[in-house]
Amino acid sequence: MRYCSTRGRAPSVSFEEALLAGLAPDGGLYMPEEWPHFSSADIARFKGQSFAAIACAVLSPFVGDTFTDGELAEMCEHAFANFTHPAVAPLRQIGDDEWILELFHGPTLAFKDVAMQLLGLMFEKVLAKRDQKLTIIGATSGDTGGAAIEALKNKARLNVFILHPEGKISAVQRKIMTTSGAANIFNIAVDGTFDDCQSIVKTLFGEREFAQNVALGGVNSINWARIAIQSVYYFASAVALGAPDRKLSYCVPTGNFGDIFAGFVAHKMGLPIHRLCAATNQNDIVHRVLQTGDYQPTKVNATTSPSMDIQVASNFERLIFEMSGRDSDQVRALMACQKQSGGFTLPKTLFEKMSPLFTSQMASEKEVIVCMKEHFESSSYLIDPHTAVGCVVAKKIADRERDHTGTMVTLSTAHPAKFPESVVAATGQTPSLPKSMEDLYDRPEVMSHCAADPAAIRAFILGHAQTV
Ligand SMILES: *Cc1c(COP(=O)(O)O)cnc(C)c1O
């Protein structure tokens, strides 16, 4: 399998190269040149298989000859063994035809562990084969950073620099990132928003010489490997619920559009998904673009679901690419418009292609709190605010179009103990941290502070990365 850039001005690369690079050199995002396809019979055969086995089958066509089947199988076994639930991603029934897919049983209590645990092993294996080092930089709205650090800490050949918006993430999120104690991990608290952090990362990737000097790699959801790995839980959960014979829809708490795009990937590969519902909080750019075709960033508002407090949904570019019939000229034109004037309007034909599959809704802060409270009161089940955004939206959409959605699965993207303040405020209950993390609050923190300025971050990285 080869990968091309959404902007069409970069050479095609192997899985290994896409894995290491993150962003393509023309500023685009990597996409597989064609979609692997699974027939209904192939999908039916996943039934009863372990999560690791399904992962191996789904990912094998994507990794091509970067790993042998044996290597891939071994890495999948190893990566998902770090999850505290034997099913890795268990389902929980919350209504007649409504389910929650719990994706938070990994080491940092958020869905990002699913991809990151495997990504860390892939990096390690590829770098060892190439006898190379890599400098990872990533921006985090709270959960990516922790998941990356947990997956990459103490790995030889890797230095990891994670930028987070200072004061805008939860204490547990910060603690998970800053207490690794690993010498190859550098946390930088940036005086700005998540979008500032993400834009700095993009700028540094664009600086060819710097990027080459420090052998820059990325772990944000722009990294194709993460998207591919996330498509696995769509397959695993769908099959557990009766796919390919059962009509299913997914509701996905959405920020950067990575997780929901992974659902789209599963759909492209043959998994019958009826609706992909994007659930946003008040930072609703994705909801607005899916409803109107207008992609117009506004100011970021802080909410109780900080991992979705963003106004730039990077992976949306991948959807534009695909829905435009892989027209990279059109992608470039829209992205140039975004760069110049902040936003863009999708051409009508392109927009109309999205609506049969994609839909969206927004959840207000008030609705989120009521939803957490109701779940606790009706079933003693604590959900985190991101999951609550998903549940509010799933209900709105199911009420509106029950016949179209069929069974609705809401992705639960974080453990309630990761956002205890909001959970307590809504339910009066303090969610407890899993045993392995009980002493989290006592662990010493290490982090640096920096202005929201690419030059300052560049200097910090140059001062701390071992050059290759
Ligand atoms: C990252 C994150 C999201 C948003 O996922 P995207 O792939 O950015 O759309 C939702 N919930 C939680 C808890 C997250 O960490």
# chains A, B, ... in the order shown; residues from 1 in each chain; ligands from 1

$ residues_near_ligand --ligand "ligand 1" --cutoff "9 Å" --atoms "only C-alpha atoms and all ligand atoms" --output "ChimeraX atom specification"
/A:104,109-112,140-144,220-221,227,252-262,278,280,305-310,313-315,384-387,411-415,418

$ select_by_dssp --residues "segment 70-252 of chain A" --states "helix (DSSP H, G or I)" --output "mmCIF file with N, CA, C and O atoms, in the first residue's frame"
data_model
loop_
_atom_site.group_PDB
_atom_site.id
_atom_site.type_symbol
_atom_site.label_atom_id
_atom_site.label_comp_id
_atom_site.auth_asym_id
_atom_site.auth_seq_id
_atom_site.Cartn_x
_atom_site.Cartn_y
_atom_site.Cartn_z
ATOM 1 N N GLY A 70 3.605 -11.649 11.099
ATOM 2 C CA GLY A 70 4.047 -12.097 12.418
ATOM 3 C C GLY A 70 4.386 -10.912 13.321
ATOM 4 O O GLY A 70 3.988 -10.864 14.485
ATOM 5 N N GLU A 71 5.122 -9.943 12.757
ATOM 6 C CA GLU A 71 5.485 -8.758 13.544
ATOM 7 C C GLU A 71 4.237 -7.976 13.956
ATOM 8 O O GLU A 71 4.114 -7.533 15.102
ATOM 9 N N LEU A 72 3.329 -7.813 12.994
ATOM 10 C CA LEU A 72 2.110 -7.056 13.279
ATOM 11 C C LEU A 72 1.297 -7.749 14.380
ATOM 12 O O LEU A 72 0.831 -7.107 15.323
ATOM 13 N N ALA A 73 1.169 -9.055 14.266
ATOM 14 C CA ALA A 73 0.396 -9.816 15.258
ATOM 15 C C ALA A 73 1.016 -9.653 16.643
ATOM 16 O O ALA A 73 0.326 -9.420 17.637
ATOM 17 N N GLU A 74 2.323 -9.738 16.699
ATOM 18 C CA GLU A 74 3.012 -9.625 17.983
ATOM 19 C C GLU A 74 2.824 -8.231 18.582
ATOM 20 O O GLU A 74 2.544 -8.085 19.781
ATOM 21 N N MET A 75 2.937 -7.205 17.750
ATOM 22 C CA MET A 75 2.760 -5.842 18.253
ATOM 23 C C MET A 75 1.323 -5.617 18.734
ATOM 24 O O MET A 75 1.105 -4.961 19.757
ATOM 25 N N CYS A 76 0.344 -6.143 17.998
ATOM 26 C CA CYS A 76 -1.065 -5.969 18.415
ATOM 27 C C CYS A 76 -1.305 -6.640 19.771
ATOM 28 O O CYS A 76 -1.910 -6.052 20.669
ATOM 29 N N GLU A 77 -0.812 -7.874 19.919
ATOM 30 C CA GLU A 77 -0.965 -8.586 21.195
ATOM 31 C C GLU A 77 -0.412 -7.757 22.338
ATOM 32 O O GLU A 77 -1.052 -7.544 23.362
ATOM 33 N N HIS A 78 0.806 -7.285 22.139
ATOM 34 C CA HIS A 78 1.542 -6.552 23.150
ATOM 35 C C HIS A 78 0.834 -5.223 23.488
ATOM 36 O O HIS A 78 0.625 -4.879 24.640
ATOM 37 N N ALA A 79 0.420 -4.483 22.455
ATOM 38 C CA ALA A 79 -0.168 -3.154 22.663
ATOM 39 C C ALA A 79 -1.469 -3.249 23.460
ATOM 40 O O ALA A 79 -1.684 -2.485 24.403
ATOM 41 N N PHE A 80 -2.329 -4.184 23.101
ATOM 42 C CA PHE A 80 -3.646 -4.200 23.736
ATOM 43 C C PHE A 80 -3.645 -4.975 25.052
ATOM 44 O O PHE A 80 -4.621 -4.937 25.796
ATOM 45 N N LYS A 112 -7.501 7.674 23.077
ATOM 46 C CA LYS A 112 -6.289 7.852 22.278
ATOM 47 C C LYS A 112 -5.246 6.774 22.571
ATOM 48 O O LYS A 112 -4.363 6.519 21.759
ATOM 49 N N ASP A 113 -5.360 6.119 23.743
ATOM 50 C CA ASP A 113 -4.437 5.018 24.050
ATOM 51 C C ASP A 113 -4.541 3.880 23.035
ATOM 52 O O ASP A 113 -3.556 3.196 22.776
ATOM 53 N N VAL A 114 -5.730 3.666 22.506
ATOM 54 C CA VAL A 114 -5.920 2.508 21.624
ATOM 55 C C VAL A 114 -4.929 2.592 20.466
ATOM 56 O O VAL A 114 -4.182 1.656 20.182
ATOM 57 N N ALA A 115 -4.904 3.759 19.814
ATOM 58 C CA ALA A 115 -3.980 3.906 18.689
ATOM 59 C C ALA A 115 -2.550 4.091 19.166
ATOM 60 O O ALA A 115 -1.607 3.527 18.608
ATOM 61 N N MET A 116 -2.389 4.881 20.218
ATOM 62 C CA MET A 116 -1.039 5.281 20.599
ATOM 63 C C MET A 116 -0.199 4.110 21.123
ATOM 64 O O MET A 116 0.998 4.047 20.846
ATOM 65 N N GLN A 117 -0.820 3.201 21.854
ATOM 66 C CA GLN A 117 -0.056 2.077 22.380
ATOM 67 C C GLN A 117 0.568 1.270 21.237
ATOM 68 O O GLN A 117 1.705 0.829 21.334
ATOM 69 N N LEU A 118 -0.187 1.099 20.179
ATOM 70 C CA LEU A 118 0.341 0.355 19.039
ATOM 71 C C LEU A 118 1.317 1.215 18.233
ATOM 72 O O LEU A 118 2.366 0.737 17.772
ATOM 73 N N LEU A 119 0.996 2.485 18.098
ATOM 74 C CA LEU A 119 1.874 3.411 17.372
ATOM 75 C C LEU A 119 3.278 3.430 17.988
ATOM 76 O O LEU A 119 4.285 3.422 17.275
ATOM 77 N N GLY A 120 3.341 3.456 19.326
ATOM 78 C CA GLY A 120 4.632 3.470 20.018
ATOM 79 C C GLY A 120 5.476 2.264 19.627
ATOM 80 O O GLY A 120 6.681 2.394 19.359
ATOM 81 N N LEU A 121 4.852 1.108 19.566
ATOM 82 C CA LEU A 121 5.590 -0.112 19.199
ATOM 83 C C LEU A 121 6.006 -0.074 17.734
ATOM 84 O O LEU A 121 7.093 -0.524 17.373
ATOM 85 N N MET A 122 5.135 0.483 16.892
ATOM 86 C CA MET A 122 5.478 0.603 15.466
ATOM 87 C C MET A 122 6.684 1.520 15.273
ATOM 88 O O MET A 122 7.604 1.202 14.523
ATOM 89 N N PHE A 123 6.686 2.652 15.961
ATOM 90 C CA PHE A 123 7.824 3.575 15.887
ATOM 91 C C PHE A 123 9.109 2.864 16.286
ATOM 92 O O PHE A 123 10.138 2.944 15.612
ATOM 93 N N GLU A 124 9.037 2.185 17.427
ATOM 94 C CA GLU A 124 10.218 1.540 17.978
ATOM 95 C C GLU A 124 10.803 0.534 16.972
ATOM 96 O O GLU A 124 12.001 0.508 16.715
ATOM 97 N N LYS A 125 9.909 -0.254 16.390
ATOM 98 C CA LYS A 125 10.360 -1.304 15.470
ATOM 99 C C LYS A 125 10.966 -0.706 14.201
ATOM 100 O O LYS A 125 12.038 -1.110 13.756
ATOM 101 N N VAL A 126 10.278 0.293 13.645
ATOM 102 C CA VAL A 126 10.751 0.910 12.400
ATOM 103 C C VAL A 126 12.091 1.626 12.624
ATOM 104 O O VAL A 126 13.011 1.515 11.818
ATOM 105 N N LEU A 127 12.210 2.346 13.742
ATOM 106 C CA LEU A 127 13.453 3.088 14.004
ATOM 107 C C LEU A 127 14.618 2.134 14.233
ATOM 108 O O LEU A 127 15.743 2.401 13.806
ATOM 109 N N ALA A 128 14.358 1.017 14.895
ATOM 110 C CA ALA A 128 15.427 0.040 15.124
ATOM 111 C C ALA A 128 15.908 -0.529 13.787
ATOM 112 O O ALA A 128 17.103 -0.612 13.525
ATOM 113 N N LYS A 129 14.938 -0.860 12.910
ATOM 114 C CA LYS A 129 15.306 -1.399 11.596
ATOM 115 C C LYS A 129 16.134 -0.401 10.798
ATOM 116 O O LYS A 129 17.060 -0.763 10.099
ATOM 117 N N ARG A 130 15.753 0.881 10.891
ATOM 118 C CA ARG A 130 16.440 1.904 10.100
ATOM 119 C C ARG A 130 17.652 2.467 10.823
ATOM 120 O O ARG A 130 18.331 3.341 10.288
ATOM 121 N N ASP A 143 -5.553 15.011 25.976
ATOM 122 C CA ASP A 143 -5.452 13.555 26.022
ATOM 123 C C ASP A 143 -4.387 12.957 25.105
ATOM 124 O O ASP A 143 -3.753 11.968 25.444
ATOM 125 N N THR A 144 -4.162 13.569 23.935
ATOM 126 C CA THR A 144 -3.150 13.034 23.017
ATOM 127 C C THR A 144 -1.787 13.008 23.691
ATOM 128 O O THR A 144 -1.045 12.036 23.578
ATOM 129 N N GLY A 145 -1.466 14.094 24.365
ATOM 130 C CA GLY A 145 -0.149 14.221 24.979
ATOM 131 C C GLY A 145 0.109 13.102 25.969
ATOM 132 O O GLY A 145 1.139 12.431 25.917
ATOM 133 N N GLY A 146 -0.845 12.886 26.848
ATOM 134 C CA GLY A 146 -0.692 11.842 27.851
ATOM 135 C C GLY A 146 -0.543 10.479 27.203
ATOM 136 O O GLY A 146 0.330 9.683 27.570
ATOM 137 N N ALA A 147 -1.398 10.230 26.209
ATOM 138 C CA ALA A 147 -1.360 8.929 25.541
ATOM 139 C C ALA A 147 -0.016 8.737 24.829
ATOM 140 O O ALA A 147 0.568 7.646 24.857
ATOM 141 N N ALA A 148 0.493 9.808 24.206
ATOM 142 C CA ALA A 148 1.776 9.720 23.495
ATOM 143 C C ALA A 148 2.911 9.473 24.491
ATOM 144 O O ALA A 148 3.781 8.629 24.273
ATOM 145 N N ILE A 149 2.871 10.213 25.586
ATOM 146 C CA ILE A 149 3.934 10.085 26.581
ATOM 147 C C ILE A 149 3.949 8.672 27.167
ATOM 148 O O ILE A 149 4.987 8.033 27.286
ATOM 149 N N GLU A 150 2.777 8.186 27.496
ATOM 150 C CA GLU A 150 2.673 6.853 28.077
ATOM 151 C C GLU A 150 3.155 5.780 27.088
ATOM 152 O O GLU A 150 3.764 4.798 27.473
ATOM 153 N N ALA A 151 2.917 6.019 25.806
ATOM 154 C CA ALA A 151 3.307 5.029 24.794
ATOM 155 C C ALA A 151 4.784 5.148 24.406
ATOM 156 O O ALA A 151 5.379 4.177 23.938
ATOM 157 N N LEU A 152 5.385 6.322 24.598
ATOM 158 C CA LEU A 152 6.742 6.549 24.071
ATOM 159 C C LEU A 152 7.794 6.772 25.150
ATOM 160 O O LEU A 152 8.984 6.880 24.848
ATOM 161 N N ALA A 171 -6.606 18.832 35.733
ATOM 162 C CA ALA A 171 -5.460 18.509 36.580
ATOM 163 C C ALA A 171 -5.006 17.067 36.341
ATOM 164 O O ALA A 171 -3.806 16.783 36.308
ATOM 165 N N VAL A 172 -5.961 16.166 36.152
ATOM 166 C CA VAL A 172 -5.592 14.765 35.921
ATOM 167 C C VAL A 172 -4.870 14.639 34.577
ATOM 168 O O VAL A 172 -3.857 13.950 34.459
ATOM 169 N N GLN A 173 -5.393 15.331 33.566
ATOM 170 C CA GLN A 173 -4.727 15.297 32.256
ATOM 171 C C GLN A 173 -3.284 15.786 32.392
ATOM 172 O O GLN A 173 -2.362 15.191 31.855
ATOM 173 N N ARG A 174 -3.117 16.901 33.122
ATOM 174 C CA ARG A 174 -1.772 17.473 33.259
ATOM 175 C C ARG A 174 -0.865 16.515 34.034
ATOM 176 O O ARG A 174 0.265 16.252 33.626
ATOM 177 N N LYS A 175 -1.388 15.978 35.115
ATOM 178 C CA LYS A 175 -0.599 15.060 35.944
ATOM 179 C C LYS A 175 -0.138 13.848 35.137
ATOM 180 O O LYS A 175 1.003 13.388 35.273
ATOM 181 N N ILE A 176 -1.027 13.320 34.317
ATOM 182 C CA ILE A 176 -0.666 12.131 33.531
ATOM 183 C C ILE A 176 0.513 12.452 32.611
ATOM 184 O O ILE A 176 1.401 11.637 32.401
ATOM 185 N N MET A 177 0.532 13.697 32.102
ATOM 186 C CA MET A 177 1.609 14.058 31.178
ATOM 187 C C MET A 177 2.918 14.380 31.870
ATOM 188 O O MET A 177 3.979 14.091 31.354
ATOM 189 N N THR A 178 2.805 15.033 33.026
ATOM 190 C CA THR A 178 4.008 15.631 33.598
ATOM 191 C C THR A 178 4.695 14.756 34.646
ATOM 192 O O THR A 178 5.680 15.164 35.240
ATOM 193 N N PHE A 194 -5.281 25.610 22.477
ATOM 194 C CA PHE A 194 -4.874 24.407 21.757
ATOM 195 C C PHE A 194 -4.593 24.722 20.288
ATOM 196 O O PHE A 194 -3.641 24.215 19.703
ATOM 197 N N ASP A 195 -5.425 25.559 19.694
ATOM 198 C CA ASP A 195 -5.213 25.892 18.281
ATOM 199 C C ASP A 195 -3.858 26.578 18.076
ATOM 200 O O ASP A 195 -3.189 26.343 17.062
ATOM 201 N N ASP A 196 -3.438 27.405 19.049
ATOM 202 C CA ASP A 196 -2.091 28.004 18.967
ATOM 203 C C ASP A 196 -1.045 26.892 18.964
ATOM 204 O O ASP A 196 -0.089 26.914 18.182
ATOM 205 N N CYS A 197 -1.202 25.926 19.869
ATOM 206 C CA CYS A 197 -0.231 24.827 19.968
ATOM 207 C C CYS A 197 -0.182 24.059 18.643
ATOM 208 O O CYS A 197 0.898 23.760 18.117
ATOM 209 N N GLN A 198 -1.361 23.768 18.111
ATOM 210 C CA GLN A 198 -1.416 23.002 16.873
ATOM 211 C C GLN A 198 -0.799 23.778 15.718
ATOM 212 O O GLN A 198 -0.107 23.224 14.878
ATOM 213 N N SER A 199 -1.031 25.076 15.722
ATOM 214 C CA SER A 199 -0.487 25.882 14.637
ATOM 215 C C SER A 199 1.044 25.983 14.739
ATOM 216 O O SER A 199 1.741 25.977 13.711
ATOM 217 N N ILE A 200 1.578 26.021 15.960
ATOM 218 C CA ILE A 200 3.041 26.017 16.123
ATOM 219 C C ILE A 200 3.626 24.710 15.584
ATOM 220 O O ILE A 200 4.628 24.697 14.860
ATOM 221 N N VAL A 201 2.976 23.615 15.917
ATOM 222 C CA VAL A 201 3.458 22.311 15.446
ATOM 223 C C VAL A 201 3.464 22.281 13.920
ATOM 224 O O VAL A 201 4.429 21.863 13.284
ATOM 225 N N LYS A 202 2.386 22.782 13.324
ATOM 226 C CA LYS A 202 2.308 22.809 11.857
ATOM 227 C C LYS A 202 3.413 23.680 11.273
ATOM 228 O O LYS A 202 4.044 23.322 10.275
ATOM 229 N N THR A 203 3.653 24.842 11.897
ATOM 230 C CA THR A 203 4.704 25.739 11.409
ATOM 231 C C THR A 203 6.053 25.036 11.441
ATOM 232 O O THR A 203 6.814 25.076 10.469
ATOM 233 N N LEU A 204 6.355 24.368 12.561
ATOM 234 C CA LEU A 204 7.667 23.722 12.690
ATOM 235 C C LEU A 204 7.821 22.582 11.680
ATOM 236 O O LEU A 204 8.888 22.385 11.117
ATOM 237 N N PHE A 205 6.737 21.867 11.432
ATOM 238 C CA PHE A 205 6.806 20.816 10.409
ATOM 239 C C PHE A 205 7.082 21.419 9.041
ATOM 240 O O PHE A 205 7.708 20.787 8.191
ATOM 241 N N GLY A 206 6.604 22.644 8.835
ATOM 242 C CA GLY A 206 6.802 23.308 7.544
ATOM 243 C C GLY A 206 8.223 23.814 7.354
ATOM 244 O O GLY A 206 8.627 24.162 6.249
ATOM 245 N N ARG A 208 11.489 23.044 6.683
ATOM 246 C CA ARG A 208 12.201 21.882 6.149
ATOM 247 C C ARG A 208 13.531 21.575 6.837
ATOM 248 O O ARG A 208 13.797 20.451 7.236
ATOM 249 N N GLU A 209 14.355 22.641 6.971
ATOM 250 C CA GLU A 209 15.698 22.410 7.469
ATOM 251 C C GLU A 209 15.661 21.949 8.926
ATOM 252 O O GLU A 209 16.293 20.957 9.298
ATOM 253 N N PHE A 210 14.865 22.653 9.718
ATOM 254 C CA PHE A 210 14.711 22.288 11.118
ATOM 255 C C PHE A 210 14.167 20.861 11.231
ATOM 256 O O PHE A 210 14.684 20.022 11.968
ATOM 257 N N ALA A 211 13.124 20.596 10.457
ATOM 258 C CA ALA A 211 12.477 19.290 10.527
ATOM 259 C C ALA A 211 13.474 18.180 10.193
ATOM 260 O O ALA A 211 13.481 17.116 10.828
ATOM 261 N N GLN A 212 14.314 18.450 9.208
ATOM 262 C CA GLN A 212 15.306 17.440 8.835
ATOM 263 C C GLN A 212 16.400 17.301 9.891
ATOM 264 O O GLN A 212 16.813 16.208 10.234
ATOM 265 N N ASN A 213 16.840 18.449 10.419
ATOM 266 C CA ASN A 213 17.911 18.424 11.420
ATOM 267 C C ASN A 213 17.558 17.613 12.648
ATOM 268 O O ASN A 213 18.385 16.884 13.179
ATOM 269 N N VAL A 214 16.331 17.751 13.110
ATOM 270 C CA VAL A 214 15.978 17.023 14.332
ATOM 271 C C VAL A 214 15.198 15.739 14.022
ATOM 272 O O VAL A 214 14.768 15.060 14.934
ATOM 273 N N TRP A 224 -1.466 9.185 9.833
ATOM 274 C CA TRP A 224 -2.350 8.203 9.219
ATOM 275 C C TRP A 224 -2.478 6.929 10.058
ATOM 276 O O TRP A 224 -3.561 6.348 10.171
ATOM 277 N N ALA A 225 -1.367 6.497 10.650
ATOM 278 C CA ALA A 225 -1.398 5.224 11.384
ATOM 279 C C ALA A 225 -2.426 5.258 12.511
ATOM 280 O O ALA A 225 -3.104 4.268 12.779
ATOM 281 N N ARG A 226 -2.566 6.418 13.144
ATOM 282 C CA ARG A 226 -3.549 6.504 14.232
ATOM 283 C C ARG A 226 -4.962 6.300 13.712
ATOM 284 O O ARG A 226 -5.767 5.588 14.301
ATOM 285 N N ILE A 227 -5.263 6.937 12.609
ATOM 286 C CA ILE A 227 -6.604 6.806 12.033
ATOM 287 C C ILE A 227 -6.873 5.331 11.697
ATOM 288 O O ILE A 227 -7.930 4.784 12.020
ATOM 289 N N ALA A 228 -5.901 4.718 11.043
ATOM 290 C CA ALA A 228 -6.084 3.321 10.632
ATOM 291 C C ALA A 228 -6.344 2.450 11.857
ATOM 292 O O ALA A 228 -7.258 1.620 11.861
ATOM 293 N N ILE A 229 -5.570 2.659 12.914
ATOM 294 C CA ILE A 229 -5.731 1.825 14.111
ATOM 295 C C ILE A 229 -7.102 2.070 14.744
ATOM 296 O O ILE A 229 -7.763 1.142 15.214
ATOM 297 N N GLN A 230 -7.543 3.321 14.736
ATOM 298 C CA GLN A 230 -8.851 3.605 15.343
ATOM 299 C C GLN A 230 -10.005 2.960 14.588
ATOM 300 O O GLN A 230 -11.066 2.715 15.159
ATOM 301 N N SER A 231 -9.811 2.672 13.323
ATOM 302 C CA SER A 231 -10.918 2.028 12.581
ATOM 303 C C SER A 231 -11.201 0.634 13.145
ATOM 304 O O SER A 231 -12.287 0.095 12.961
ATOM 305 N N VAL A 232 -10.228 0.082 13.873
ATOM 306 C CA VAL A 232 -10.383 -1.292 14.384
ATOM 307 C C VAL A 232 -11.573 -1.413 15.338
ATOM 308 O O VAL A 232 -12.333 -2.374 15.272
ATOM 309 N N TYR A 233 -11.758 -0.401 16.217
ATOM 310 C CA TYR A 233 -12.848 -0.602 17.187
ATOM 311 C C TYR A 233 -14.229 -0.429 16.566
ATOM 312 O O TYR A 233 -15.219 -0.860 17.143
ATOM 313 N N TYR A 234 -14.301 0.191 15.417
ATOM 314 C CA TYR A 234 -15.584 0.199 14.713
ATOM 315 C C TYR A 234 -15.905 -1.231 14.252
ATOM 316 O O TYR A 234 -17.022 -1.712 14.421
ATOM 317 N N PHE A 235 -14.908 -1.886 13.670
ATOM 318 C CA PHE A 235 -15.133 -3.271 13.236
ATOM 319 C C PHE A 235 -15.468 -4.171 14.423
ATOM 320 O O PHE A 235 -16.441 -4.922 14.398
ATOM 321 N N ALA A 236 -14.644 -4.090 15.472
ATOM 322 C CA ALA A 236 -14.817 -5.005 16.604
ATOM 323 C C ALA A 236 -16.184 -4.826 17.251
ATOM 324 O O ALA A 236 -16.889 -5.800 17.546
ATOM 325 N N SER A 237 -16.591 -3.552 17.460
ATOM 326 C CA SER A 237 -17.871 -3.323 18.134
ATOM 327 C C SER A 237 -19.038 -3.684 17.222
ATOM 328 O O SER A 237 -20.032 -4.262 17.671
ATOM 329 N N ALA A 238 -18.931 -3.381 15.946
ATOM 330 C CA ALA A 238 -20.028 -3.668 15.014
ATOM 331 C C ALA A 238 -20.276 -5.175 14.944
ATOM 332 O O ALA A 238 -21.420 -5.636 14.988
ATOM 333 N N VAL A 239 -19.197 -5.926 14.861
ATOM 334 C CA VAL A 239 -19.335 -7.374 14.762
ATOM 335 C C VAL A 239 -19.920 -7.939 16.064
ATOM 336 O O VAL A 239 -20.806 -8.789 16.044
ATOM 337 N N ALA A 240 -19.471 -7.397 17.191
ATOM 338 C CA ALA A 240 -20.010 -7.869 18.471
ATOM 339 C C ALA A 240 -21.513 -7.611 18.551
ATOM 340 O O ALA A 240 -22.255 -8.339 19.207
#

$ select_by_dssp --residues "segment 115-186 of chain A" --states "strand (DSSP E or B)" --output "PDB file with C-alpha atoms, in the first residue's frame"
ATOM      1  CA  LEU A 134      13.187  10.606  15.838  1.00  0.00           C
ATOM      2  CA  THR A 135      12.014  13.804  17.508  1.00  0.00           C
ATOM      3  CA  ILE A 136       8.299  13.741  18.138  1.00  0.00           C
ATOM      4  CA  ILE A 137       6.431  16.988  18.566  1.00  0.00           C
ATOM      5  CA  GLY A 138       2.753  17.097  19.278  1.00  0.00           C
ATOM      6  CA  ALA A 139       0.077  19.513  20.375  1.00  0.00           C
ATOM      7  CA  LEU A 158      12.785   8.888  20.556  1.00  0.00           C
ATOM      8  CA  ASN A 159      12.588  12.361  22.086  1.00  0.00           C
ATOM      9  CA  VAL A 160       9.102  13.619  22.710  1.00  0.00           C
ATOM     10  CA  PHE A 161       8.023  17.277  22.987  1.00  0.00           C
ATOM     11  CA  ILE A 162       4.389  17.833  23.910  1.00  0.00           C
ATOM     12  CA  LEU A 163       2.762  21.264  23.862  1.00  0.00           C
ATOM     13  CA  HIS A 164      -0.377  21.898  25.875  1.00  0.00           C
ATOM     14  CA  PRO A 165      -2.358  25.104  26.430  1.00  0.00           C
ATOM     15  CA  ILE A 185       9.846  13.343  27.582  1.00  0.00           C
ATOM     16  CA  PHE A 186       9.526  17.160  27.522  1.00  0.00           C
TER      17      PHE A 186
END

$ atom_distance --atom1 "atom CA of Met362 of chain A" --atom2 "atom CA of Tyr250 of chain A"
15.1 Å

$ closest_residue --among "A:Ile397, A:Ile94, A:Val289, A:Leu19" --to "Ser380 of chain A" --atoms "only C-alpha atoms"
A:Ile94

$ atom_distance --atom1 "atom CA of Cys277 of chain A" --atom2 "atom CA of Arg400 of chain A"
12.4 Å

$ closest_atom_pairs --of "segment 230-304 of chain A" --to "segment 322-333 of chain A" --cutoff "12 Å" --atoms "only C-alpha atoms" --output "tab-separated table"
residue	atom	partner	partner_atom	distance
A:Phe261	CA	A:Glu322	CA	10.9
A:Phe264	CA	A:Glu322	CA	10.2
A:Val265	CA	A:Glu322	CA	10.4
A:Lys268	CA	A:Glu322	CA	10.2

$ closest_residue --among "A:Val286, A:Leu271, A:Asp96, A:Val219" --to "Phe46 of chain A" --atoms "only C-alpha atoms"
A:Leu271

$ residues_around --residues "Ser14 of chain A" --least-positions-apart "5" --cutoff "8 Å" --atoms "only C-alpha atoms" --output "number ranges by chain"
A: 1-3, 64, 66

$ atom_distance --atom1 "atom CA of Pro244 of chain A" --atom2 "atom CA of Asp399 of chain A"
24.0 Å

$ residues_around --residues "segment 341-352 of chain A" --least-positions-apart "3" --cutoff "12 Å" --atoms "only C-alpha atoms" --output "ChimeraX atom specification"
/A:285,288-299,311-313,316-317,319-327,330-338,355-359

$ write_last_selection --atoms "C-alpha atoms" --output "CSV table (one decimal), in the first residue's frame"
chain,number,residue,atom,x,y,z
A,285,ILE,CA,-17.3,24.2,13.8
A,288,ARG,CA,-21.7,23.9,11.4
A,289,VAL,CA,-19.7,22.7,8.4
A,290,LEU,CA,-21.7,19.5,8.2
A,291,GLN,CA,-25.0,21.4,8.4
A,292,THR,CA,-24.3,24.3,6.1
A,293,GLY,CA,-21.1,23.7,4.2
A,294,ASP,CA,-19.5,26.7,5.8
A,295,TYR,CA,-16.2,26.1,7.6
A,296,GLN,CA,-15.7,29.2,9.7
A,297,PRO,CA,-13.5,29.1,12.8
A,298,THR,CA,-14.6,31.3,15.7
A,299,LYS,CA,-13.1,32.0,19.0
A,311,GLN,CA,-11.9,25.3,16.1
A,312,VAL,CA,-9.6,23.8,13.5
A,313,ALA,CA,-10.6,20.2,12.6
A,316,PHE,CA,-11.7,17.4,7.8
A,317,GLU,CA,-9.2,17.9,4.9
A,319,LEU,CA,-12.9,14.0,4.1
A,320,ILE,CA,-12.8,16.9,1.6
A,321,PHE,CA,-10.2,15.0,-0.4
A,322,GLU,CA,-12.3,11.8,-0.5
A,323,MET,CA,-15.7,13.4,-1.1
A,324,SER,CA,-14.3,15.5,-3.9
A,325,GLY,CA,-13.3,12.4,-5.7
A,326,ARG,CA,-9.7,12.8,-4.6
A,327,ASP,CA,-9.4,16.2,-6.3
A,330,GLN,CA,-9.8,21.5,-5.0
A,331,VAL,CA,-8.3,20.6,-1.6
A,332,ARG,CA,-5.4,23.0,-2.2
A,333,ALA,CA,-7.8,25.8,-3.2
A,334,LEU,CA,-10.0,25.4,-0.1
A,335,MET,CA,-7.0,25.2,2.2
A,336,ALA,CA,-5.4,28.3,0.6
A,337,CYS,CA,-8.7,30.1,1.1
A,338,GLN,CA,-8.7,29.0,4.8
A,355,SER,CA,-24.9,14.4,4.0
A,356,PRO,CA,-26.2,10.8,3.4
A,357,LEU,CA,-23.6,9.4,5.7
A,358,PHE,CA,-22.6,12.3,8.0
A,359,THR,CA,-24.8,14.1,10.3
